[in-house]
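Below is one structure, written out as structure tokens; the observations come after it.
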Amino acid sequence: MRAPFVENMPLTFFLGLCTLFALSRKTGPGLGVSMIAVMVVTVPLNHLINTALLAPGAWVWLGLPDTDLSYLRRIAFIGVIAATLQQLEMVLDRFFPAIYASFGFFLPLLTVQCAILGGSLFMVDRKYGLAESAVFGLGAGFAVAVVMLGAIRARLAYADLPRGLRGLCITFIIAGMMSMGFSAFAQMVAS
């Protein structure tokens, strides 16, 4: 329960803000579900790849105890993310064409989305096990943030805002206020 509120990727670590701002108005729930699907698959899969192939001492079984391939971590993680997103894109195109069409060219750009890569890198830095990696991928909080921001932006479509605050400006202000709220959760946990 800690991950979506205290360790929320876009609102506490500021990862994935570009996608959050670009797609929260049009495809909030679809983006949230897509991000969850990608992170639930990639974070545990990257955990397995890291522990079995890349971590120091992973090649002991082959008689290479000093082999350390951890410098390949980012490249391997991005490859797994790209393959997973390719699969997701094919599933959305086949079974959910409306969601696929609403993403437009943004769906392939999720491959280099820093929140997805950040989830895998946090998993390595925090030394999560396989189950913890899966739970962290499920609850990284991107869906919470995108649905909340999407709902607020939908409501603001009917607001009479001053000209200087319309559009992306008010979105930045709201995201900042949401970030302060989520930071309060972190302070409550810390104390």
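All residue names refer to the structure tokens as shown: chains lettered A, B, ... in order, residues numbered from 1 in each chain, ligands numbered from 1 in order.
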- Counting only C-alpha atoms, what is within 8 Å of region 171-177 of chain A, bar same-chain residues fewer than 5 positions away, as a ChimeraX atom specification? /A:11,21,149,153
- Task: Just the residues within 10 Å of Glu132 (chain A), please, counting only C-alpha atoms, with nothing from its chain fewer than 3 positions along; format it as a VMD selection string.
- Result: chain A and resid 43 to 44 47 123 127 to 129 135 to 138
Store the residues picked out above in a file with C-alpha atoms, as a compact mmCIF listing (two decimals), in the first residue's frame.
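Here's the written file result.txt:
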# COMPACT_ATOMS: atom_id res chain seq x y z
CA VAL A 43 9.94 -5.20 -13.13
CA PRO A 44 9.85 -8.91 -12.11
CA HIS A 47 14.64 -8.84 -11.57
CA MET A 123 14.03 -2.66 -7.69
CA LYS A 127 17.35 -5.25 -3.47
CA TYR A 128 13.74 -6.41 -3.85
CA GLY A 129 12.98 -10.09 -4.24
CA VAL A 135 4.09 -5.86 -6.06
CA PHE A 136 6.19 -2.75 -6.61
CA GLY A 137 5.49 -2.90 -10.35
CA LEU A 138 1.78 -3.23 -9.63
- Item | Atom pair CA of Ala101 (chain A) / CA of Ile75 (chain A): separation (Å) |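 Separating CA of Ala101 (chain A) from CA of Ile75 (chain A) is a distance of 29.0 Å.
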- Would you list the contacts of Ile78 (chain A) as a ChimeraX atom specification, taking every protein, DNA or RNA residue within 12 Å and counting only C-alpha atoms, but skipping same-chain residues closer than 2 positions in sequence? /A:38,42-43,45-46,49,72-76,80-85,109-121
- Task: Could you jot down the CA of Val6 (chain A) to CA of Val144 (chain A) separation for me, Å, one decimal place?
- Result: 11.7 Å
- Query: Quick one: of A:Leu92, A:Leu17, A:Ala134, A:Leu53, who's nearest to Val40 (chain A), counting only C-alpha atoms?
  - Reply: A:Ala134
- Message: From the options A:Gly57, A:Gly150, A:Pro108, A:Pro65, which residue's atoms come nearest to Gly32 (chain A), counting only C-alpha atoms?
- Response: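 When distances to Gly32 (chain A) are compared using only C-alpha atoms, the smallest one comes from A:Gly150.
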- Query: Quick one: residues within 12 Å of Gly30 (chain A), only C-alpha atoms counted, chain neighbours fewer than 2 positions away excluded, as an NGL selection string?
  - Reply: :A and (20 or 23-28 or 32-37 or 88 or 92 or 96-103 or 107 or 142-144 or 146-147 or 150)
For N, CA, C and O atoms, I'd like the residues from the last selection saved as a CSV table (one decimal), in the first residue's frame.
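Saved as out.csv:
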chain,number,residue,atom,x,y,z
A,20,LEU,N,2.5,11.8,-18.3
A,20,LEU,CA,1.4,12.2,-17.5
A,20,LEU,C,0.6,13.4,-18.0
A,20,LEU,O,-0.6,13.4,-18.1
A,23,LEU,N,-1.0,12.7,-21.8
A,23,LEU,CA,-2.1,11.7,-22.0
A,23,LEU,C,-3.1,11.7,-20.9
A,23,LEU,O,-4.1,11.0,-21.0
A,24,SER,N,-3.0,12.5,-19.8
A,24,SER,CA,-3.9,12.4,-18.7
A,24,SER,C,-5.3,13.0,-19.1
A,24,SER,O,-6.3,12.6,-18.6
A,25,ARG,N,-5.3,13.8,-20.1
A,25,ARG,CA,-6.6,14.4,-20.5
A,25,ARG,C,-7.4,13.4,-21.4
A,25,ARG,O,-8.6,13.3,-21.2
A,26,LYS,N,-6.8,12.7,-22.3
A,26,LYS,CA,-7.5,11.9,-23.3
A,26,LYS,C,-7.6,10.4,-22.8
A,26,LYS,O,-8.7,9.9,-22.8
A,27,THR,N,-6.6,9.8,-22.3
A,27,THR,CA,-6.6,8.4,-22.0
A,27,THR,C,-6.2,8.0,-20.6
A,27,THR,O,-5.4,7.1,-20.5
A,28,GLY,N,-6.7,8.7,-19.7
A,28,GLY,CA,-6.2,8.5,-18.3
A,28,GLY,C,-6.3,7.1,-17.8
A,28,GLY,O,-5.3,6.5,-17.5
A,32,GLY,N,-3.2,4.4,-17.4
A,32,GLY,CA,-2.9,3.9,-16.1
A,32,GLY,C,-2.8,2.3,-16.2
A,32,GLY,O,-1.9,1.7,-15.7
A,33,VAL,N,-3.8,1.7,-16.9
A,33,VAL,CA,-3.8,0.3,-17.0
A,33,VAL,C,-2.6,-0.2,-17.8
A,33,VAL,O,-2.0,-1.2,-17.5
A,34,SER,N,-2.3,0.5,-18.9
A,34,SER,CA,-1.2,0.1,-19.7
A,34,SER,C,0.1,0.2,-18.9
A,34,SER,O,1.0,-0.7,-19.0
A,35,MET,N,0.3,1.3,-18.1
A,35,MET,CA,1.5,1.4,-17.3
A,35,MET,C,1.6,0.3,-16.3
A,35,MET,O,2.7,-0.3,-16.1
A,36,ILE,N,0.5,0.0,-15.7
A,36,ILE,CA,0.5,-1.1,-14.7
A,36,ILE,C,0.9,-2.4,-15.4
A,36,ILE,O,1.7,-3.2,-14.9
A,37,ALA,N,0.3,-2.7,-16.5
A,37,ALA,CA,0.5,-3.9,-17.2
A,37,ALA,C,2.0,-4.0,-17.6
A,37,ALA,O,2.7,-5.1,-17.4
A,88,LEU,N,2.3,-5.4,-25.8
A,88,LEU,CA,1.1,-4.6,-25.4
A,88,LEU,C,0.4,-3.9,-26.6
A,88,LEU,O,-0.8,-3.8,-26.7
A,92,LEU,N,-3.4,-4.3,-27.7
A,92,LEU,CA,-4.3,-3.2,-27.7
A,92,LEU,C,-4.9,-3.0,-29.2
A,92,LEU,O,-6.1,-2.7,-29.3
A,96,PHE,N,-8.5,-3.9,-28.2
A,96,PHE,CA,-9.0,-2.6,-27.8
A,96,PHE,C,-8.6,-1.5,-28.7
A,96,PHE,O,-7.8,-0.6,-28.4
A,97,PRO,N,-9.2,-1.5,-29.9
A,97,PRO,CA,-8.7,-0.5,-30.9
A,97,PRO,C,-9.0,0.9,-30.6
A,97,PRO,O,-8.3,1.8,-31.0
A,98,ALA,N,-10.0,1.2,-29.8
A,98,ALA,CA,-10.3,2.6,-29.4
A,98,ALA,C,-9.2,3.1,-28.5
A,98,ALA,O,-8.7,4.3,-28.6
A,99,ILE,N,-8.7,2.3,-27.5
A,99,ILE,CA,-7.6,2.7,-26.6
A,99,ILE,C,-6.4,2.8,-27.5
A,99,ILE,O,-5.6,3.8,-27.3
A,100,TYR,N,-6.1,1.9,-28.4
A,100,TYR,CA,-4.9,1.9,-29.2
A,100,TYR,C,-4.9,3.2,-30.1
A,100,TYR,O,-3.9,3.9,-30.2
A,101,ALA,N,-6.1,3.6,-30.6
A,101,ALA,CA,-6.1,4.8,-31.5
A,101,ALA,C,-6.0,6.1,-30.6
A,101,ALA,O,-5.4,7.0,-31.1
A,102,SER,N,-6.5,6.0,-29.4
A,102,SER,CA,-6.3,7.3,-28.6
A,102,SER,C,-4.9,7.5,-28.1
A,102,SER,O,-4.5,8.7,-27.9
A,103,PHE,N,-4.1,6.5,-28.0
A,103,PHE,CA,-2.7,6.7,-27.7
A,103,PHE,C,-1.9,7.3,-28.8
A,103,PHE,O,-1.0,8.1,-28.6
A,107,LEU,N,2.2,5.5,-27.6
A,107,LEU,CA,2.4,4.2,-27.1
A,107,LEU,C,3.8,3.7,-27.3
A,107,LEU,O,4.5,3.2,-26.4
A,142,PHE,N,1.5,5.1,-10.9
A,142,PHE,CA,1.3,5.9,-12.1
A,142,PHE,C,-0.2,6.0,-12.4
A,142,PHE,O,-0.7,7.0,-12.8
A,143,ALA,N,-0.9,4.9,-12.2
A,143,ALA,CA,-2.3,4.8,-12.5
A,143,ALA,C,-3.1,5.8,-11.6
A,143,ALA,O,-4.0,6.5,-12.0
A,144,VAL,N,-2.7,5.8,-10.3
A,144,VAL,CA,-3.4,6.7,-9.4
A,144,VAL,C,-3.2,8.2,-9.8
A,144,VAL,O,-4.2,8.9,-9.9
A,146,VAL,N,-2.4,9.4,-12.9
A,146,VAL,CA,-2.9,9.8,-14.2
A,146,VAL,C,-4.5,9.8,-14.1
A,146,VAL,O,-5.1,10.7,-14.7
A,147,VAL,N,-5.1,9.0,-13.3
A,147,VAL,CA,-6.5,9.0,-13.2
A,147,VAL,C,-7.0,10.2,-12.4
A,147,VAL,O,-7.9,10.9,-12.8
A,150,GLY,N,-6.3,13.3,-14.7
A,150,GLY,CA,-7.3,13.3,-15.8
A,150,GLY,C,-8.7,13.7,-15.3
A,150,GLY,O,-9.4,14.5,-16.0
- Message: Taking the DSSP secondary structure from the backbone, can you list the residues of region 62-155 of chain A that are helix (DSSP H, G or I), as a count of residues only?
- Response: 76
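Using only C-alpha atoms, the shortest contact distance between Ile152 (chain A) and any of A:Asp66, A:Ser133, A:Ile170, A:Gly16 is found at A:Ile170.
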- Task: Provide the CA of Phe122 (chain A) to CA of Ala184 (chain A) distance in Å, to one decimal place.
- Result: 21.1 Å
